[in-house]
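The file upload_13.txt comes next; it holds compact mmCIF, N, CA, C and O atoms.
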```txt
# COMPACT_ATOMS: atom_id res chain seq x y z
N MET L 131 0.81 -1.19 0.00
CA MET L 131 0.00 0.00 0.00
C MET L 131 0.85 1.25 0.00
O MET L 131 0.68 2.09 0.86
N PRO L 132 1.71 1.40 -0.93
CA PRO L 132 2.40 2.70 -0.95
C PRO L 132 1.59 3.74 -1.72
O PRO L 132 0.84 3.42 -2.63
N PHE L 133 1.74 4.97 -1.28
CA PHE L 133 1.24 6.13 -2.02
C PHE L 133 2.44 7.04 -2.21
O PHE L 133 3.07 7.44 -1.24
N ILE L 134 2.76 7.31 -3.45
CA ILE L 134 3.87 8.20 -3.77
C ILE L 134 3.30 9.46 -4.39
O ILE L 134 2.75 9.43 -5.49
N ASN L 135 3.40 10.56 -3.65
CA ASN L 135 2.88 11.84 -4.11
C ASN L 135 4.05 12.79 -4.33
O ASN L 135 4.94 12.89 -3.49
N THR L 136 4.05 13.46 -5.47
CA THR L 136 5.15 14.36 -5.79
C THR L 136 4.64 15.76 -6.08
O THR L 136 3.71 15.94 -6.85
N LYS L 137 5.28 16.72 -5.44
CA LYS L 137 5.06 18.13 -5.74
C LYS L 137 6.20 18.56 -6.67
O LYS L 137 7.37 18.38 -6.32
N TYR L 138 5.84 19.09 -7.82
CA TYR L 138 6.81 19.55 -8.82
C TYR L 138 6.73 21.06 -8.96
O TYR L 138 5.64 21.62 -8.88
N SER L 139 7.85 21.68 -9.26
CA SER L 139 7.84 23.11 -9.52
C SER L 139 7.52 23.40 -10.99
O SER L 139 7.31 24.54 -11.35
N GLN L 140 7.45 22.37 -11.80
CA GLN L 140 7.26 22.55 -13.23
C GLN L 140 5.97 21.87 -13.70
O GLN L 140 5.31 21.17 -12.96
N THR L 141 5.65 22.08 -14.96
CA THR L 141 4.54 21.38 -15.60
C THR L 141 5.08 20.09 -16.18
O THR L 141 6.18 20.07 -16.74
N ILE L 142 4.31 19.01 -16.04
CA ILE L 142 4.71 17.76 -16.66
C ILE L 142 3.61 17.29 -17.60
O ILE L 142 2.43 17.55 -17.37
N THR L 143 4.00 16.61 -18.65
CA THR L 143 3.06 16.16 -19.67
C THR L 143 2.42 14.83 -19.25
O THR L 143 2.96 14.12 -18.40
N PRO L 144 1.30 14.48 -19.87
CA PRO L 144 0.71 13.17 -19.59
C PRO L 144 1.67 12.02 -19.90
O PRO L 144 1.70 11.02 -19.17
N ASP L 145 2.49 12.16 -20.94
CA ASP L 145 3.47 11.13 -21.26
C ASP L 145 4.52 11.01 -20.16
O ASP L 145 4.91 9.90 -19.77
N GLU L 146 4.97 12.13 -19.62
CA GLU L 146 5.94 12.11 -18.53
C GLU L 146 5.32 11.48 -17.27
O GLU L 146 5.98 10.69 -16.58
N GLU L 147 4.06 11.80 -17.00
CA GLU L 147 3.36 11.17 -15.87
C GLU L 147 3.34 9.66 -16.03
O GLU L 147 3.61 8.92 -15.09
N GLU L 148 3.02 9.21 -17.23
CA GLU L 148 2.94 7.77 -17.50
C GLU L 148 4.31 7.11 -17.32
O GLU L 148 4.41 6.02 -16.73
N GLN L 149 5.36 7.75 -17.83
CA GLN L 149 6.71 7.20 -17.68
C GLN L 149 7.10 7.10 -16.20
O GLN L 149 7.65 6.08 -15.76
N ILE L 150 6.81 8.14 -15.43
CA ILE L 150 7.14 8.15 -14.01
C ILE L 150 6.33 7.10 -13.27
O ILE L 150 6.86 6.32 -12.48
N LYS L 151 5.03 7.05 -13.52
CA LYS L 151 4.15 6.07 -12.87
C LYS L 151 4.64 4.65 -13.13
O LYS L 151 4.74 3.84 -12.22
N SER L 152 4.98 4.35 -14.37
CA SER L 152 5.44 3.01 -14.73
C SER L 152 6.77 2.68 -14.06
O SER L 152 6.96 1.57 -13.54
N ALA L 153 7.68 3.64 -14.06
CA ALA L 153 8.99 3.41 -13.44
C ALA L 153 8.87 3.25 -11.93
O ALA L 153 9.53 2.38 -11.33
N LEU L 154 8.01 4.04 -11.29
CA LEU L 154 7.79 3.89 -9.85
C LEU L 154 7.14 2.55 -9.53
O LEU L 154 7.42 1.94 -8.49
N GLY L 155 6.29 2.08 -10.43
CA GLY L 155 5.64 0.78 -10.26
C GLY L 155 6.65 -0.35 -10.18
O GLY L 155 6.44 -1.33 -9.44
N LYS L 156 7.73 -0.23 -10.90
CA LYS L 156 8.81 -1.22 -10.83
C LYS L 156 9.68 -0.98 -9.60
O LYS L 156 10.10 -1.91 -8.92
N ALA L 157 9.98 0.29 -9.32
CA ALA L 157 10.91 0.64 -8.24
C ALA L 157 10.39 0.24 -6.86
O ALA L 157 11.20 -0.06 -5.97
N VAL L 158 9.07 0.23 -6.64
CA VAL L 158 8.55 -0.07 -5.30
C VAL L 158 8.91 -1.47 -4.82
O VAL L 158 8.82 -1.77 -3.63
N SER L 159 9.36 -2.30 -5.73
CA SER L 159 9.75 -3.66 -5.32
C SER L 159 10.92 -3.63 -4.33
O SER L 159 11.04 -4.53 -3.50
N VAL L 160 11.77 -2.60 -4.39
CA VAL L 160 12.89 -2.51 -3.44
C VAL L 160 12.38 -2.28 -2.01
O VAL L 160 13.10 -2.57 -1.06
N LEU L 161 11.15 -1.80 -1.88
CA LEU L 161 10.53 -1.61 -0.57
C LEU L 161 9.71 -2.82 -0.14
O LEU L 161 9.04 -2.80 0.89
N GLY L 162 9.72 -3.85 -0.98
CA GLY L 162 8.91 -5.04 -0.69
C GLY L 162 7.45 -4.85 -1.03
O GLY L 162 6.59 -5.56 -0.51
N LYS L 163 7.15 -3.89 -1.90
CA LYS L 163 5.77 -3.58 -2.28
C LYS L 163 5.58 -3.92 -3.76
O LYS L 163 6.54 -4.12 -4.50
N THR L 164 4.32 -3.94 -4.21
CA THR L 164 4.03 -4.24 -5.60
C THR L 164 3.23 -3.11 -6.24
O THR L 164 2.52 -2.36 -5.56
N GLU L 165 3.33 -3.04 -7.55
CA GLU L 165 2.59 -2.01 -8.30
C GLU L 165 1.08 -2.20 -8.17
O GLU L 165 0.33 -1.23 -8.26
N SER L 166 0.64 -3.42 -7.92
CA SER L 166 -0.80 -3.67 -7.85
C SER L 166 -1.48 -2.91 -6.71
O SER L 166 -2.69 -2.72 -6.72
N TRP L 167 -0.71 -2.45 -5.70
CA TRP L 167 -1.26 -1.66 -4.61
C TRP L 167 -0.74 -0.23 -4.60
O TRP L 167 -1.02 0.53 -3.67
N LEU L 168 0.03 0.15 -5.59
CA LEU L 168 0.64 1.48 -5.64
C LEU L 168 -0.35 2.53 -6.13
O LEU L 168 -1.03 2.34 -7.14
N MET L 169 -0.43 3.65 -5.41
CA MET L 169 -1.16 4.83 -5.86
C MET L 169 -0.13 5.94 -6.04
O MET L 169 0.76 6.10 -5.21
N VAL L 170 -0.25 6.68 -7.13
CA VAL L 170 0.70 7.75 -7.44
C VAL L 170 -0.07 9.05 -7.66
O VAL L 170 -1.11 9.05 -8.32
N GLY L 171 0.44 10.14 -7.10
CA GLY L 171 -0.17 11.45 -7.27
C GLY L 171 0.84 12.44 -7.83
O GLY L 171 2.04 12.34 -7.56
N PHE L 172 0.35 13.39 -8.62
CA PHE L 172 1.19 14.41 -9.24
C PHE L 172 0.61 15.79 -8.94
O PHE L 172 -0.55 16.04 -9.26
N GLU L 173 1.40 16.64 -8.32
CA GLU L 173 0.99 18.02 -8.07
C GLU L 173 1.98 18.91 -8.82
O GLU L 173 3.13 19.05 -8.41
N GLN L 174 1.51 19.50 -9.90
CA GLN L 174 2.36 20.30 -10.77
C GLN L 174 2.33 21.78 -10.41
O GLN L 174 1.42 22.25 -9.75
N GLU L 175 3.34 22.47 -10.91
CA GLU L 175 3.46 23.92 -10.79
C GLU L 175 3.31 24.40 -9.34
O GLU L 175 2.68 25.42 -9.08
N CYS L 176 3.90 23.66 -8.40
CA CYS L 176 3.91 24.09 -7.00
C CYS L 176 4.95 25.18 -6.82
O CYS L 176 5.98 25.19 -7.47
N SER L 177 4.67 26.07 -5.93
CA SER L 177 5.60 27.14 -5.62
C SER L 177 6.60 26.58 -4.60
O SER L 177 6.31 26.54 -3.41
N LEU L 178 7.75 26.11 -5.08
CA LEU L 178 8.76 25.49 -4.23
C LEU L 178 10.03 26.32 -4.22
O LEU L 178 10.48 26.79 -5.27
N TYR L 179 10.58 26.49 -3.03
CA TYR L 179 11.85 27.19 -2.86
C TYR L 179 12.84 26.23 -2.23
O TYR L 179 12.49 25.45 -1.34
N PHE L 180 14.08 26.27 -2.67
CA PHE L 180 15.13 25.44 -2.11
C PHE L 180 16.41 26.25 -2.04
O PHE L 180 16.76 26.94 -3.00
N ARG L 181 17.05 26.21 -0.89
CA ARG L 181 18.26 27.00 -0.66
C ARG L 181 17.99 28.49 -0.85
O ARG L 181 18.82 29.24 -1.35
N GLY L 182 16.77 28.90 -0.50
CA GLY L 182 16.40 30.31 -0.57
C GLY L 182 16.01 30.80 -1.95
O GLY L 182 15.72 31.98 -2.12
N GLU L 183 15.98 29.89 -2.93
CA GLU L 183 15.67 30.31 -4.29
C GLU L 183 14.54 29.47 -4.88
O GLU L 183 14.36 28.31 -4.54
N LYS L 184 13.83 30.09 -5.80
CA LYS L 184 12.77 29.41 -6.53
C LYS L 184 13.38 28.87 -7.83
O LYS L 184 13.74 29.64 -8.71
N SER L 185 13.50 27.56 -7.90
CA SER L 185 14.11 26.92 -9.07
C SER L 185 13.02 26.37 -9.96
O SER L 185 11.95 26.00 -9.49
N GLU L 186 13.30 26.29 -11.25
CA GLU L 186 12.29 25.74 -12.16
C GLU L 186 12.26 24.22 -12.13
O GLU L 186 11.34 23.62 -12.64
N LYS L 187 13.26 23.58 -11.54
CA LYS L 187 13.29 22.12 -11.49
C LYS L 187 13.55 21.65 -10.06
O LYS L 187 14.69 21.47 -9.64
N LEU L 188 12.45 21.46 -9.31
CA LEU L 188 12.49 20.95 -7.95
C LEU L 188 11.40 19.90 -7.78
O LEU L 188 10.35 19.97 -8.45
N ALA L 189 11.63 18.96 -6.87
CA ALA L 189 10.58 17.99 -6.55
C ALA L 189 10.66 17.60 -5.09
O ALA L 189 11.75 17.44 -4.53
N PHE L 190 9.49 17.47 -4.47
CA PHE L 190 9.37 16.92 -3.13
C PHE L 190 8.53 15.66 -3.26
O PHE L 190 7.38 15.71 -3.70
N VAL L 191 9.11 14.53 -2.90
CA VAL L 191 8.46 13.23 -3.08
C VAL L 191 8.12 12.67 -1.70
O VAL L 191 9.00 12.49 -0.86
N ASP L 192 6.85 12.39 -1.48
CA ASP L 192 6.38 11.86 -0.21
C ASP L 192 5.95 10.40 -0.44
O ASP L 192 5.01 10.14 -1.17
N VAL L 193 6.68 9.48 0.18
CA VAL L 193 6.40 8.05 0.04
C VAL L 193 5.74 7.57 1.33
O VAL L 193 6.39 7.48 2.37
N SER L 194 4.44 7.30 1.26
CA SER L 194 3.70 6.80 2.41
C SER L 194 3.60 5.28 2.28
O SER L 194 3.26 4.76 1.22
N LEU L 195 3.89 4.58 3.39
CA LEU L 195 3.93 3.12 3.37
C LEU L 195 3.06 2.51 4.46
O LEU L 195 3.08 2.99 5.60
N TYR L 196 2.37 1.45 4.12
CA TYR L 196 1.73 0.63 5.14
C TYR L 196 2.82 -0.28 5.68
O TYR L 196 3.43 -1.06 4.96
N GLY L 197 3.11 -0.15 6.95
CA GLY L 197 4.22 -0.90 7.54
C GLY L 197 5.51 -0.12 7.42
O GLY L 197 5.51 1.08 7.14
N ARG L 198 6.60 -0.81 7.60
CA ARG L 198 7.91 -0.16 7.61
C ARG L 198 8.81 -0.79 6.56
O ARG L 198 8.62 -1.94 6.19
N ALA L 199 9.80 -0.02 6.14
CA ALA L 199 10.82 -0.54 5.23
C ALA L 199 12.18 -0.35 5.89
O ALA L 199 12.37 0.59 6.68
N GLU L 200 13.10 -1.21 5.58
CA GLU L 200 14.46 -1.11 6.10
C GLU L 200 15.12 0.16 5.57
O GLU L 200 14.86 0.57 4.42
N PRO L 201 15.97 0.80 6.37
CA PRO L 201 16.68 1.99 5.89
C PRO L 201 17.44 1.76 4.59
O PRO L 201 17.47 2.64 3.73
N SER L 202 18.01 0.58 4.41
CA SER L 202 18.74 0.30 3.17
C SER L 202 17.80 0.26 1.97
O SER L 202 18.15 0.69 0.87
N ALA L 203 16.57 -0.23 2.17
CA ALA L 203 15.57 -0.24 1.10
C ALA L 203 15.15 1.18 0.76
O ALA L 203 14.98 1.52 -0.42
N CYS L 204 14.99 2.02 1.78
CA CYS L 204 14.64 3.43 1.53
C CYS L 204 15.77 4.12 0.78
O CYS L 204 15.51 4.94 -0.12
N ASP L 205 17.00 3.80 1.12
CA ASP L 205 18.14 4.37 0.43
C ASP L 205 18.13 3.98 -1.06
O ASP L 205 18.33 4.83 -1.94
N GLN L 206 17.84 2.71 -1.34
CA GLN L 206 17.73 2.25 -2.72
C GLN L 206 16.59 2.95 -3.45
O GLN L 206 16.71 3.32 -4.62
N MET L 207 15.47 3.11 -2.76
CA MET L 207 14.30 3.75 -3.37
C MET L 207 14.59 5.21 -3.68
O MET L 207 14.20 5.72 -4.74
N THR L 208 15.28 5.90 -2.77
CA THR L 208 15.66 7.29 -3.03
C THR L 208 16.53 7.38 -4.27
O THR L 208 16.33 8.27 -5.11
N ALA L 209 17.47 6.47 -4.42
CA ALA L 209 18.32 6.45 -5.61
C ALA L 209 17.49 6.24 -6.87
O ALA L 209 17.71 6.91 -7.89
N GLU L 210 16.52 5.35 -6.79
CA GLU L 210 15.65 5.09 -7.95
C GLU L 210 14.79 6.31 -8.28
O GLU L 210 14.64 6.67 -9.45
N ILE L 211 14.22 6.93 -7.27
CA ILE L 211 13.39 8.12 -7.49
C ILE L 211 14.23 9.21 -8.16
O ILE L 211 13.80 9.82 -9.14
N CYS L 212 15.42 9.46 -7.64
CA CYS L 212 16.29 10.49 -8.22
C CYS L 212 16.67 10.15 -9.66
O CYS L 212 16.70 11.03 -10.53
N ARG L 213 16.94 8.88 -9.92
CA ARG L 213 17.28 8.46 -11.29
C ARG L 213 16.09 8.68 -12.23
O ARG L 213 16.23 9.25 -13.31
N ILE L 214 14.91 8.25 -11.80
CA ILE L 214 13.70 8.37 -12.63
C ILE L 214 13.39 9.82 -12.94
O ILE L 214 13.19 10.19 -14.10
N TYR L 215 13.37 10.67 -11.91
CA TYR L 215 13.01 12.07 -12.13
C TYR L 215 14.09 12.82 -12.91
O TYR L 215 13.79 13.76 -13.63
N GLY L 216 15.32 12.36 -12.76
CA GLY L 216 16.41 12.94 -13.55
C GLY L 216 16.27 12.60 -15.01
O GLY L 216 16.38 13.46 -15.88
N GLU L 217 16.01 11.32 -15.29
CA GLU L 217 15.88 10.87 -16.68
C GLU L 217 14.65 11.44 -17.37
O GLU L 217 14.72 11.88 -18.51
N VAL L 218 13.52 11.42 -16.68
CA VAL L 218 12.26 11.83 -17.31
C VAL L 218 12.10 13.35 -17.34
O VAL L 218 11.66 13.91 -18.35
N LEU L 219 12.46 14.02 -16.25
CA LEU L 219 12.17 15.46 -16.14
C LEU L 219 13.42 16.34 -16.08
O LEU L 219 13.30 17.57 -16.07
N GLY L 220 14.58 15.74 -16.01
CA GLY L 220 15.80 16.54 -15.95
C GLY L 220 16.01 17.24 -14.62
O GLY L 220 16.73 18.23 -14.54
N ILE L 221 15.38 16.72 -13.55
CA ILE L 221 15.56 17.32 -12.23
C ILE L 221 16.84 16.75 -11.62
O ILE L 221 16.96 15.53 -11.47
N PRO L 222 17.79 17.60 -11.26
CA PRO L 222 19.01 17.09 -10.63
C PRO L 222 18.71 16.43 -9.29
O PRO L 222 17.81 16.87 -8.55
N ALA L 223 19.46 15.38 -8.96
CA ALA L 223 19.25 14.65 -7.71
C ALA L 223 19.36 15.55 -6.49
O ALA L 223 18.67 15.35 -5.50
N ASP L 224 20.20 16.59 -6.58
CA ASP L 224 20.35 17.48 -5.43
C ASP L 224 19.26 18.55 -5.36
O ASP L 224 19.33 19.47 -4.54
N HIS L 225 18.23 18.39 -6.20
CA HIS L 225 17.05 19.25 -6.16
C HIS L 225 15.79 18.45 -5.85
O HIS L 225 14.67 18.86 -6.15
N ILE L 226 15.98 17.27 -5.26
CA ILE L 226 14.87 16.37 -4.92
C ILE L 226 14.97 15.98 -3.45
O ILE L 226 16.02 15.50 -3.00
N TYR L 227 13.90 16.21 -2.71
CA TYR L 227 13.78 15.69 -1.35
C TYR L 227 12.82 14.51 -1.39
O TYR L 227 11.79 14.55 -2.09
N VAL L 228 13.13 13.47 -0.63
CA VAL L 228 12.26 12.30 -0.53
C VAL L 228 11.99 12.05 0.95
O VAL L 228 12.92 11.96 1.75
N LYS L 229 10.71 11.94 1.30
CA LYS L 229 10.31 11.69 2.69
C LYS L 229 9.55 10.37 2.76
O LYS L 229 8.70 10.09 1.91
N TYR L 230 9.87 9.57 3.76
CA TYR L 230 9.20 8.29 3.97
C TYR L 230 8.33 8.38 5.22
O TYR L 230 8.80 8.80 6.28
N THR L 231 7.07 7.98 5.09
CA THR L 231 6.14 8.01 6.20
C THR L 231 5.52 6.62 6.36
O THR L 231 4.63 6.25 5.59
N PRO L 232 6.01 5.83 7.33
CA PRO L 232 5.39 4.53 7.58
C PRO L 232 4.19 4.67 8.50
O PRO L 232 4.12 5.59 9.31
N THR L 233 3.22 3.76 8.36
CA THR L 233 2.07 3.76 9.25
C THR L 233 1.58 2.33 9.45
O THR L 233 1.72 1.49 8.56
N ASP L 234 1.05 2.07 10.62
CA ASP L 234 0.44 0.77 10.90
C ASP L 234 -1.07 0.80 10.65
O ASP L 234 -1.72 -0.22 10.73
N ASN L 235 -1.61 2.00 10.40
CA ASN L 235 -3.03 2.16 10.16
C ASN L 235 -3.27 2.62 8.73
O ASN L 235 -2.96 3.75 8.39
N TRP L 236 -3.82 1.74 7.91
CA TRP L 236 -4.07 2.06 6.52
C TRP L 236 -5.44 1.52 6.16
O TRP L 236 -5.70 0.32 6.28
N GLY L 237 -6.30 2.41 5.72
CA GLY L 237 -7.66 2.00 5.38
C GLY L 237 -7.85 1.79 3.89
O GLY L 237 -7.24 2.46 3.07
N TRP L 238 -8.76 0.88 3.57
CA TRP L 238 -9.13 0.60 2.18
C TRP L 238 -10.42 -0.20 2.18
O TRP L 238 -10.64 -1.04 3.05
N ASN L 239 -11.27 0.09 1.26
CA ASN L 239 -12.46 -0.70 1.02
C ASN L 239 -13.36 -0.81 2.26
O ASN L 239 -13.90 -1.85 2.57
N GLY L 240 -13.45 0.30 3.01
CA GLY L 240 -14.34 0.36 4.15
C GLY L 240 -13.77 -0.17 5.46
O GLY L 240 -14.48 -0.26 6.45
N GLY L 241 -12.49 -0.53 5.46
CA GLY L 241 -11.88 -1.06 6.68
C GLY L 241 -10.40 -0.78 6.70
O GLY L 241 -9.85 -0.12 5.81
N ASN L 242 -9.73 -1.26 7.72
CA ASN L 242 -8.29 -1.09 7.86
C ASN L 242 -7.61 -2.45 7.75
O ASN L 242 -8.18 -3.48 8.12
N PHE L 243 -6.38 -2.41 7.28
CA PHE L 243 -5.59 -3.64 7.19
C PHE L 243 -5.08 -4.01 8.56
O PHE L 243 -4.91 -3.21 9.43
```
Represent the structure from my file as structure tokens, please.
Amino acid sequence: MPFINTKYSQTITPDEEEQIKSALGKAVSVLGKTESWLMVGFEQECSLYFRGEKSEKLAFVDVSLYGRAEPSACDQMTAEICRIYGEVLGIPADHIYVKYTPTDNWGWNGGNF
């Protein structure tokens, strides 16, 4: 049950969304998760500042997880996220923050797991 939501400082095309969604669907396996439960969100044209400046290529990626992942798996996932966003959108890795939020309470289909 991961949800990966990204705030971008730029506009992204439907094709770029599809490429990112597909790549993240594969990448979540490093967290022990599958694409069949992955939800992905895109928030474009966010007003983001980093290091005191407004850059045209920034991303904040929030990875919410049901349960916990090992720190080494999160490290691998961060590398994958930076690679994907670099390849698809040209965002430098040092302009991407990734946050992991584990939870033991996750609801779906009228109940909790």
Need to verify the contact set: range 135-137 of chain L, 5 Å, all atoms listed in the file, exclusion of same-chain residues closer than 3 positions in sequence. Can you return it as a PyMOL selection string? chain L and resi 171-173+188-192
Can you list, as a ChimeraX atom specification, every residue of chain L that DSSP puts in alpha helix (DSSP H)? /L:144-157,201-219
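Atom N of Trp167 in chain L sits 15.6 Å away from CA of Asn242 in chain L.
The coordinates place CA of Met207 in chain L at 25.1 Å from CA of Ser177 in chain L.
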Counting only C-alpha atoms, which residue out of L:Gly182, L:Ala153, L:Leu219, L:Arg213 sits closest to Gln140 in chain L? L:Leu219
Considering only strand (DSSP E) as DSSP defines it on the backbone, what residues of chain L qualify? List them as a ChimeraX atom specification. /L:133-138,169-173,179-180,183-184,189-196,226-233,237-238,241-242
Counting only N, CA, C and O atoms, which residue out of L:Glu217, L:Glu200, L:Glu210, L:Glu175 sits closest to Ala157 in chain L? L:Glu210
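Relative to atom C of Ile150 in chain L, atom O of Gly216 in chain L is found at 12.2 Å.
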Which is closest to Pro132 in chain L among L:Ala209, L:Leu178, L:Val218, L:Leu168, if we use all atoms listed in the file? L:Leu168
